[in-house]
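Enquirer: Can you read through this structure? Questions will come right after.
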Amino acid sequence: MIPTWAQLVYLICAVCFILALKGLSGPRTARAGNLIGAGAAVVACGLPFFYLERLDNVLPMLAAVAVGTIGGVYGARRVQMTQMPQMVALFNGVGGGAASLVALLELNEIGAGAPTFNLIATAFTIAVGAISFSGSVITFAKLQDLMTSRPVTFPGFPVAFGGSLVAVLVLSVIVVRDPTMGIGIVIGLVGLLIGVLLVLPVGGADVPIVISLLNAFTGLTVAAGGYVLGNTLLLVAGTLVGASGTFLTLLMAKAMGRSVANILFGALKGGSTLGGGEASDRPVRSVTPEDAAIMLAYADRVIIIPGYGLAVAQAQHTLRELVDLLNERGGEVDYAIHPVAGRMPGHMNVLLAEAQVPYEELKEMDEINGDFKDTDVVLVVGANDVVNPAAKTTPGAPIYGMPILNADEARQVIFMKRSMRPGFAGIENELLFEERTSLLFGDAKDSMGKLLNAVKGL
């Protein structure tokens, strides 16, 4: 039994997690919220060492804590901003896997006399935790280019997936009636298979949404595990993660103009964003940095649309200098942020905050979309799918129905691209071939530096 004083400390930690989540909702309070949450997690992890009368395997426990701490610090310091979604996927997968293993061990302890609901919660945690783990590994592999980012299907896929779901449900009923370790292990293995099959058909720009969904799965498994273990902290923290992950998944799906079911299984009928794609050889209008500088310097209204290419090139600081210079010359400049620009929600906000861009200059899509028709020049830096008119004009396109930034309504568009390869959705962007669109080819950081110098020289 957990003593009363320890339960109170766990409750305080749970409140801290709620405050941390609240703090993370805004840029000014995000750092404090992160510190509050991290501090509460440290206290919660260390607390059992002070109230448990008997501690077996202390040295392996301390070694695991040390390995986790070193790995977490190393990852946080070394991982680039462009690799943040991969790190989130891995951390989430580890959480789901850990919850599944703990539930499996608990199944061996509670035996046949346990309450039915506890056994149901245990089976749920084993299965869904395993799904979250293997699914997160596949999302990591897709984003890290360790495997193709295109949807992967095969004949009989629906039968294999549906059969696996039926199998895990039947096995869960069996383990509730006869809680044995062997059945629990089989549930975990089938869960691993379901996780792989769940993510394989997802491609391209849909992968970050699946990461959010798997994050919700992990939260639910932690909450269920907290119920089984009688731990208030795990119950509250897991519920918070599950609820926030679910809301984020639904909001991202809405931003893509698609349902969650279509995102997960659209590839089975050709509706998933594909990823990959060959470079186009259609003629376009290209410009030099000097030409683009003249267009920007003499524009009264400019809107910047950042994308993943900006993050890859780490050109955010040079972009900030360019915007400051345009503002000094009397221009009005804003940043237009699409909800799913980059590889995860908030990716562009964090990237630009790193360059000390005032938060007030970042305009969300709904707020700024009406301004494009009165804009002289739109500068697209490394974005593609979020400005692709195919989302509005081509019913057969994978991104059809996705709300986009209305860059096509501006008087002039400058597109900064490395090549003519399509965006993550794997389709051509017709905006590139419009008469009012000019392409500035090259690495975003190099091109941005030349553009900045050209504006200074005017």
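Identifiers in the structure tokens: chain A, B, ... in order shown; residue index from 1 per chain; ligand index from 1 in order shown.
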Near stretch 47-49 of chain A, counting only C-alpha atoms, which residues have an atom at most 9 Å away, once you skip same-chain residues fewer than 6 positions from it, shown as a ChimeraX atom specification?
Expert: /A:2,6,9-10,55,58
Enquirer: Which residues are close to A:Pro389, i.e. within 12 Å by only C-alpha atoms, leaving aside same-chain residues fewer than 2 positions away? Reply as a ChimeraX atom specification.
Expert: /A:384-387,391-395,397,399-409,427-434
Enquirer: Those residues with N, CA and C atoms, as an mmCIF file, in the first residue's frame please?
Expert:
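File selection-v1.cif, as written:
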```
data_model
loop_
_atom_site.group_PDB
_atom_site.id
_atom_site.type_symbol
_atom_site.label_atom_id
_atom_site.label_comp_id
_atom_site.auth_asym_id
_atom_site.auth_seq_id
_atom_site.Cartn_x
_atom_site.Cartn_y
_atom_site.Cartn_z
ATOM 1 N N ASN A 384 5.400 23.760 -49.330
ATOM 2 C CA ASN A 384 4.875 23.345 -50.620
ATOM 3 C C ASN A 384 3.406 22.942 -50.527
ATOM 4 N N ASP A 385 3.135 21.848 -49.825
ATOM 5 C CA ASP A 385 1.772 21.321 -49.797
ATOM 6 C C ASP A 385 0.778 22.288 -49.169
ATOM 7 N N VAL A 386 1.231 23.116 -48.217
ATOM 8 C CA VAL A 386 0.304 24.000 -47.504
ATOM 9 C C VAL A 386 -0.125 25.195 -48.347
ATOM 10 N N VAL A 387 0.446 25.353 -49.572
ATOM 11 C CA VAL A 387 0.029 26.419 -50.488
ATOM 12 C C VAL A 387 -0.391 25.850 -51.841
ATOM 13 N N ALA A 391 -5.436 21.416 -53.422
ATOM 14 C CA ALA A 391 -6.305 21.130 -52.279
ATOM 15 C C ALA A 391 -7.696 21.716 -52.475
ATOM 16 N N LYS A 392 -7.796 22.741 -53.342
ATOM 17 C CA LYS A 392 -9.090 23.379 -53.597
ATOM 18 C C LYS A 392 -9.666 23.031 -54.972
ATOM 19 N N THR A 393 -8.810 22.660 -55.907
ATOM 20 C CA THR A 393 -9.254 22.565 -57.308
ATOM 21 C C THR A 393 -9.226 21.173 -57.898
ATOM 22 N N THR A 394 -8.548 20.212 -57.261
ATOM 23 C CA THR A 394 -8.367 18.894 -57.864
ATOM 24 C C THR A 394 -8.960 17.804 -56.979
ATOM 25 N N PRO A 395 -10.199 17.397 -57.238
ATOM 26 C CA PRO A 395 -10.864 16.416 -56.382
ATOM 27 C C PRO A 395 -10.093 15.107 -56.217
ATOM 28 N N ALA A 397 -6.867 14.726 -55.987
ATOM 29 C CA ALA A 397 -5.566 14.892 -55.329
ATOM 30 C C ALA A 397 -5.599 14.346 -53.907
ATOM 31 N N ILE A 399 -4.420 15.572 -51.273
ATOM 32 C CA ILE A 399 -4.639 16.619 -50.264
ATOM 33 C C ILE A 399 -5.938 17.377 -50.504
ATOM 34 N N TYR A 400 -6.773 16.898 -51.431
ATOM 35 C CA TYR A 400 -8.001 17.631 -51.746
ATOM 36 C C TYR A 400 -8.861 17.789 -50.489
ATOM 37 N N GLY A 401 -9.311 19.016 -50.251
ATOM 38 C CA GLY A 401 -10.122 19.312 -49.073
ATOM 39 C C GLY A 401 -9.318 19.862 -47.908
ATOM 40 N N MET A 402 -7.987 19.803 -47.980
ATOM 41 C CA MET A 402 -7.152 20.342 -46.906
ATOM 42 C C MET A 402 -7.162 21.867 -46.971
ATOM 43 N N PRO A 403 -7.498 22.556 -45.895
ATOM 44 C CA PRO A 403 -7.399 24.024 -45.906
ATOM 45 C C PRO A 403 -5.948 24.446 -46.146
ATOM 46 N N ILE A 404 -5.746 25.413 -47.026
ATOM 47 C CA ILE A 404 -4.391 25.872 -47.351
ATOM 48 C C ILE A 404 -4.299 27.382 -47.159
ATOM 49 N N LEU A 405 -3.066 27.870 -47.154
ATOM 50 C CA LEU A 405 -2.821 29.308 -47.162
ATOM 51 C C LEU A 405 -3.044 29.812 -48.585
ATOM 52 N N ASN A 406 -3.794 30.887 -48.735
ATOM 53 C CA ASN A 406 -4.213 31.363 -50.053
ATOM 54 C C ASN A 406 -3.137 32.178 -50.761
ATOM 55 N N ALA A 407 -1.936 31.620 -50.854
ATOM 56 C CA ALA A 407 -0.837 32.323 -51.526
ATOM 57 C C ALA A 407 -1.151 32.582 -52.993
ATOM 58 N N ASP A 408 -1.976 31.735 -53.588
ATOM 59 C CA ASP A 408 -2.301 31.886 -55.004
ATOM 60 C C ASP A 408 -3.118 33.141 -55.297
ATOM 61 N N GLU A 409 -3.620 33.812 -54.252
ATOM 62 C CA GLU A 409 -4.400 35.037 -54.449
ATOM 63 C C GLU A 409 -3.534 36.294 -54.434
ATOM 64 N N ILE A 427 2.816 15.256 -54.851
ATOM 65 C CA ILE A 427 2.125 15.737 -56.048
ATOM 66 C C ILE A 427 2.670 17.106 -56.444
ATOM 67 N N GLU A 428 2.516 17.437 -57.728
ATOM 68 C CA GLU A 428 2.991 18.727 -58.216
ATOM 69 C C GLU A 428 2.148 19.866 -57.655
ATOM 70 N N ASN A 429 2.786 21.018 -57.521
ATOM 71 C CA ASN A 429 2.104 22.219 -57.073
ATOM 72 C C ASN A 429 1.910 23.138 -58.275
ATOM 73 N N GLU A 430 0.675 23.278 -58.706
ATOM 74 C CA GLU A 430 0.392 24.089 -59.895
ATOM 75 C C GLU A 430 0.752 25.563 -59.692
ATOM 76 N N LEU A 431 0.847 26.007 -58.448
ATOM 77 C CA LEU A 431 1.217 27.394 -58.191
ATOM 78 C C LEU A 431 2.612 27.705 -58.735
ATOM 79 N N LEU A 432 3.481 26.695 -58.798
ATOM 80 C CA LEU A 432 4.842 26.904 -59.299
ATOM 81 C C LEU A 432 4.865 27.317 -60.760
ATOM 82 N N PHE A 433 3.836 26.963 -61.493
ATOM 83 C CA PHE A 433 3.829 27.182 -62.936
ATOM 84 C C PHE A 433 2.978 28.382 -63.353
ATOM 85 N N GLU A 434 2.458 29.114 -62.366
ATOM 86 C CA GLU A 434 1.670 30.308 -62.659
ATOM 87 C C GLU A 434 2.588 31.448 -63.129
#
```
Enquirer: Which residues, written as a list in words, have at least one atom at most 8 Å from A:Gly382, with only C-alpha atoms counted and residues fewer than 6 positions away on the same chain left out?
Expert: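 My reading of the contact set: Pro306, Gly307, Tyr308, Gly309, Leu310, Phe415, Met416, Lys417 and Ala444 of chain A.
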Enquirer: So that I can see what lies close to stretch 250-261 of chain A, please list as number ranges by chain the residues with an atom at most 12 Å from it, counting only C-alpha atoms and leaving out residues fewer than 6 positions away in the same chain.
Expert: A: 198, 201-202, 205-213, 216, 243-244, 267-269, 271-273, 337-341, 343-346, 364-366, 385-386, 391-392, 398-405, 425
Enquirer: Next, write the just-selected residues to a file, as a CSV table (one decimal), in the first residue's frame, keeping C-alpha atoms as the atom set.
Expert:
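Output file part02.csv is given in full below:
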```
chain,number,residue,atom,x,y,z
A,198,LEU,CA,-1.7,0.5,-38.5
A,201,PRO,CA,-0.5,2.3,-45.0
A,202,VAL,CA,0.1,5.9,-43.8
A,205,ALA,CA,2.3,14.3,-44.5
A,206,ASP,CA,-0.1,12.1,-42.6
A,207,VAL,CA,2.7,10.6,-40.4
A,208,PRO,CA,2.8,13.4,-37.8
A,209,ILE,CA,-1.0,12.9,-37.2
A,210,VAL,CA,-0.4,9.3,-36.5
A,211,ILE,CA,2.3,10.2,-34.0
A,212,SER,CA,-0.3,12.3,-32.2
A,213,LEU,CA,-2.8,9.4,-32.2
A,216,ALA,CA,-3.0,9.4,-27.1
A,243,ALA,CA,-7.1,13.6,-23.8
A,244,SER,CA,-4.6,16.1,-25.2
A,267,ALA,CA,-4.2,4.4,-49.0
A,268,LEU,CA,-6.3,1.3,-49.3
A,269,LYS,CA,-8.5,3.2,-51.8
A,271,GLY,CA,-6.6,8.6,-50.5
A,272,SER,CA,-3.5,8.9,-48.4
A,273,THR,CA,-0.8,11.5,-49.0
A,337,ILE,CA,1.6,29.8,-40.2
A,338,HIS,CA,-0.3,26.7,-41.4
A,339,PRO,CA,-1.4,24.3,-38.6
A,340,VAL,CA,0.6,21.4,-40.1
A,341,ALA,CA,3.5,23.3,-41.6
A,343,ARG,CA,6.5,17.9,-39.5
A,344,MET,CA,4.4,18.5,-36.4
A,345,PRO,CA,2.1,21.2,-34.9
A,346,GLY,CA,4.0,24.3,-33.6
A,364,GLU,CA,-2.5,31.7,-38.0
A,365,MET,CA,-4.1,30.5,-41.2
A,366,ASP,CA,-7.6,31.6,-40.3
A,385,ASP,CA,1.8,21.3,-49.8
A,386,VAL,CA,0.3,24.0,-47.5
A,391,ALA,CA,-6.3,21.1,-52.3
A,392,LYS,CA,-9.1,23.4,-53.6
A,398,PRO,CA,-4.4,13.2,-52.1
A,399,ILE,CA,-4.6,16.6,-50.3
A,400,TYR,CA,-8.0,17.6,-51.7
A,401,GLY,CA,-10.1,19.3,-49.1
A,402,MET,CA,-7.2,20.3,-46.9
A,403,PRO,CA,-7.4,24.0,-45.9
A,404,ILE,CA,-4.4,25.9,-47.4
A,405,LEU,CA,-2.8,29.3,-47.2
A,425,ALA,CA,2.4,14.7,-50.4
```
Enquirer: May I ask which of the residues A:Gly230, A:Gly442, A:Gly188, A:Gly96 is the closest one to A:Asn118, counting only C-alpha atoms?
Expert: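 Nearest candidate to A:Asn118 out of A:Gly230, A:Gly442, A:Gly188, A:Gly96: A:Gly230.
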Enquirer: For A:Leu451, find every residue with an atom within 12 Å (counting only C-alpha atoms), except residues of its own chain fewer than 4 positions away, and show them as JSON, numbers by chain.
Expert: {"A": [287, 288, 289, 290, 291, 292, 293, 294, 295, 296, 297, 315, 318, 319, 321, 322, 323, 325, 326, 379, 414, 416, 440, 441, 442, 443, 444, 445, 446, 447, 455, 456, 457, 458]}
Enquirer: Store the residues picked out above in a file with C-alpha atoms, as a PDB file, in the first residue's frame.
Expert:
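Final file, part-v1.pdb:
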```pdb
ATOM      1  CA  VAL A 287      14.784  34.613 -60.793  1.00  0.00           C
ATOM      2  CA  THR A 288      18.082  35.666 -59.258  1.00  0.00           C
ATOM      3  CA  PRO A 289      18.409  36.896 -55.662  1.00  0.00           C
ATOM      4  CA  GLU A 290      18.780  40.426 -57.060  1.00  0.00           C
ATOM      5  CA  ASP A 291      15.478  40.178 -58.942  1.00  0.00           C
ATOM      6  CA  ALA A 292      13.699  38.827 -55.873  1.00  0.00           C
ATOM      7  CA  ALA A 293      15.247  41.561 -53.716  1.00  0.00           C
ATOM      8  CA  ILE A 294      13.760  44.286 -55.928  1.00  0.00           C
ATOM      9  CA  MET A 295      10.317  42.685 -55.702  1.00  0.00           C
ATOM     10  CA  LEU A 296      10.502  42.506 -51.897  1.00  0.00           C
ATOM     11  CA  ALA A 297      12.149  45.877 -51.265  1.00  0.00           C
ATOM     12  CA  ALA A 315      17.746  29.686 -42.281  1.00  0.00           C
ATOM     13  CA  THR A 318      18.757  35.055 -41.792  1.00  0.00           C
ATOM     14  CA  LEU A 319      15.032  35.243 -42.539  1.00  0.00           C
ATOM     15  CA  GLU A 321      17.228  39.719 -40.501  1.00  0.00           C
ATOM     16  CA  LEU A 322      15.551  40.057 -43.889  1.00  0.00           C
ATOM     17  CA  VAL A 323      12.151  40.757 -42.330  1.00  0.00           C
ATOM     18  CA  LEU A 325      15.291  45.066 -42.936  1.00  0.00           C
ATOM     19  CA  LEU A 326      12.034  45.123 -44.925  1.00  0.00           C
ATOM     20  CA  LEU A 379       7.700  34.672 -50.019  1.00  0.00           C
ATOM     21  CA  ILE A 414       8.476  34.081 -54.762  1.00  0.00           C
ATOM     22  CA  MET A 416      12.366  29.365 -52.585  1.00  0.00           C
ATOM     23  CA  LEU A 440      14.535  31.152 -56.490  1.00  0.00           C
ATOM     24  CA  PHE A 441      16.432  27.863 -56.574  1.00  0.00           C
ATOM     25  CA  GLY A 442      19.056  26.800 -54.052  1.00  0.00           C
ATOM     26  CA  ASP A 443      19.587  25.907 -50.427  1.00  0.00           C
ATOM     27  CA  ALA A 444      17.294  28.100 -48.340  1.00  0.00           C
ATOM     28  CA  LYS A 445      20.078  29.391 -46.080  1.00  0.00           C
ATOM     29  CA  ASP A 446      22.412  30.226 -48.969  1.00  0.00           C
ATOM     30  CA  SER A 447      19.635  31.807 -51.045  1.00  0.00           C
ATOM     31  CA  VAL A 455      18.167  43.987 -50.358  1.00  0.00           C
ATOM     32  CA  LYS A 456      20.868  45.741 -48.337  1.00  0.00           C
ATOM     33  CA  GLY A 457      22.487  46.855 -51.588  1.00  0.00           C
ATOM     34  CA  LEU A 458      19.375  48.599 -52.884  1.00  0.00           C
TER      35      LEU A 458
END
```
Enquirer: Using only C-alpha atoms, which residue out of A:Tyr74, A:Phe265, A:Tyr335, A:Phe372 lies closest to A:Val152?
Expert: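 Nearest to A:Val152: A:Phe265.
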Enquirer: As a PyMOL selection string, which residues of stretch 116-267 of chain A does DSSP assign to helix (DSSP H, G or I)?
Expert: chain A and resi 116-143+157-177+181-199+204-229+232-256+260-267
Enquirer: Find the residues around A:Val350 up to 10 Å (only C-alpha atoms counted), leave out those fewer than 4 positions away in its own chain, and share them as a count of residues only.
Expert: 9
Enquirer: From the set A:Val284, A:Ala353, A:Asn388, A:Ile110, which residue has the shortest atom-to-atom contact distance to A:Met420, counting only C-alpha atoms?
Expert: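 Going through A:Val284, A:Ala353, A:Asn388, A:Ile110 one by one, the smallest distance to A:Met420 is for A:Val284.
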Enquirer: Residues at most 9 Å from A:Asn34, counting only C-alpha atoms, excluding those fewer than 5 positions away in the same chain, as number ranges by chain?
Expert: A: 20-21, 23-24, 29, 39
Enquirer: Would you please work out which residue, of A:Ala66, A:Ala167, A:Ile18, A:Ala44, is nearest to A:Val241 when using only C-alpha atoms?
Expert: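 Going through A:Ala66, A:Ala167, A:Ile18, A:Ala44 one by one, the smallest distance to A:Val241 is for A:Ile18.
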Enquirer: From the list A:Gly95, A:Gly226, A:Pro158, A:Pro60, which residue is nearest A:Ala121 when using only C-alpha atoms?
Expert: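 When distances to A:Ala121 are compared using only C-alpha atoms, the smallest one comes from A:Gly226.
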Enquirer: For the atom pair atom CA of A:Arg285 and atom CA of A:Val312, what is the interatomic distance in Å to one decimal place?
Expert: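 Going from atom CA of A:Arg285 over to atom CA of A:Val312, I get 24.3 Å.
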Enquirer: Mind listing the strand (DSSP E or B) residues of stretch 221-304 of chain A, per DSSP on the backbone, as a list in words?
Expert: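 Matching residues for strand (DSSP E or B) in stretch 221-304 of chain A are Ser286, Arg301, Val302, Ile303 and Ile304 of chain A.
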Enquirer: Of the candidates A:Ile305, A:Lys363, A:Leu169, A:Asp374, which one gets nearest to A:Ala127 if we count only C-alpha atoms?
Expert: A:Leu169
Enquirer: Between atom CA of A:Thr122 and atom CA of A:Ala103, what distance in Å does the model show, to one decimal?
Expert: 5.5 Å
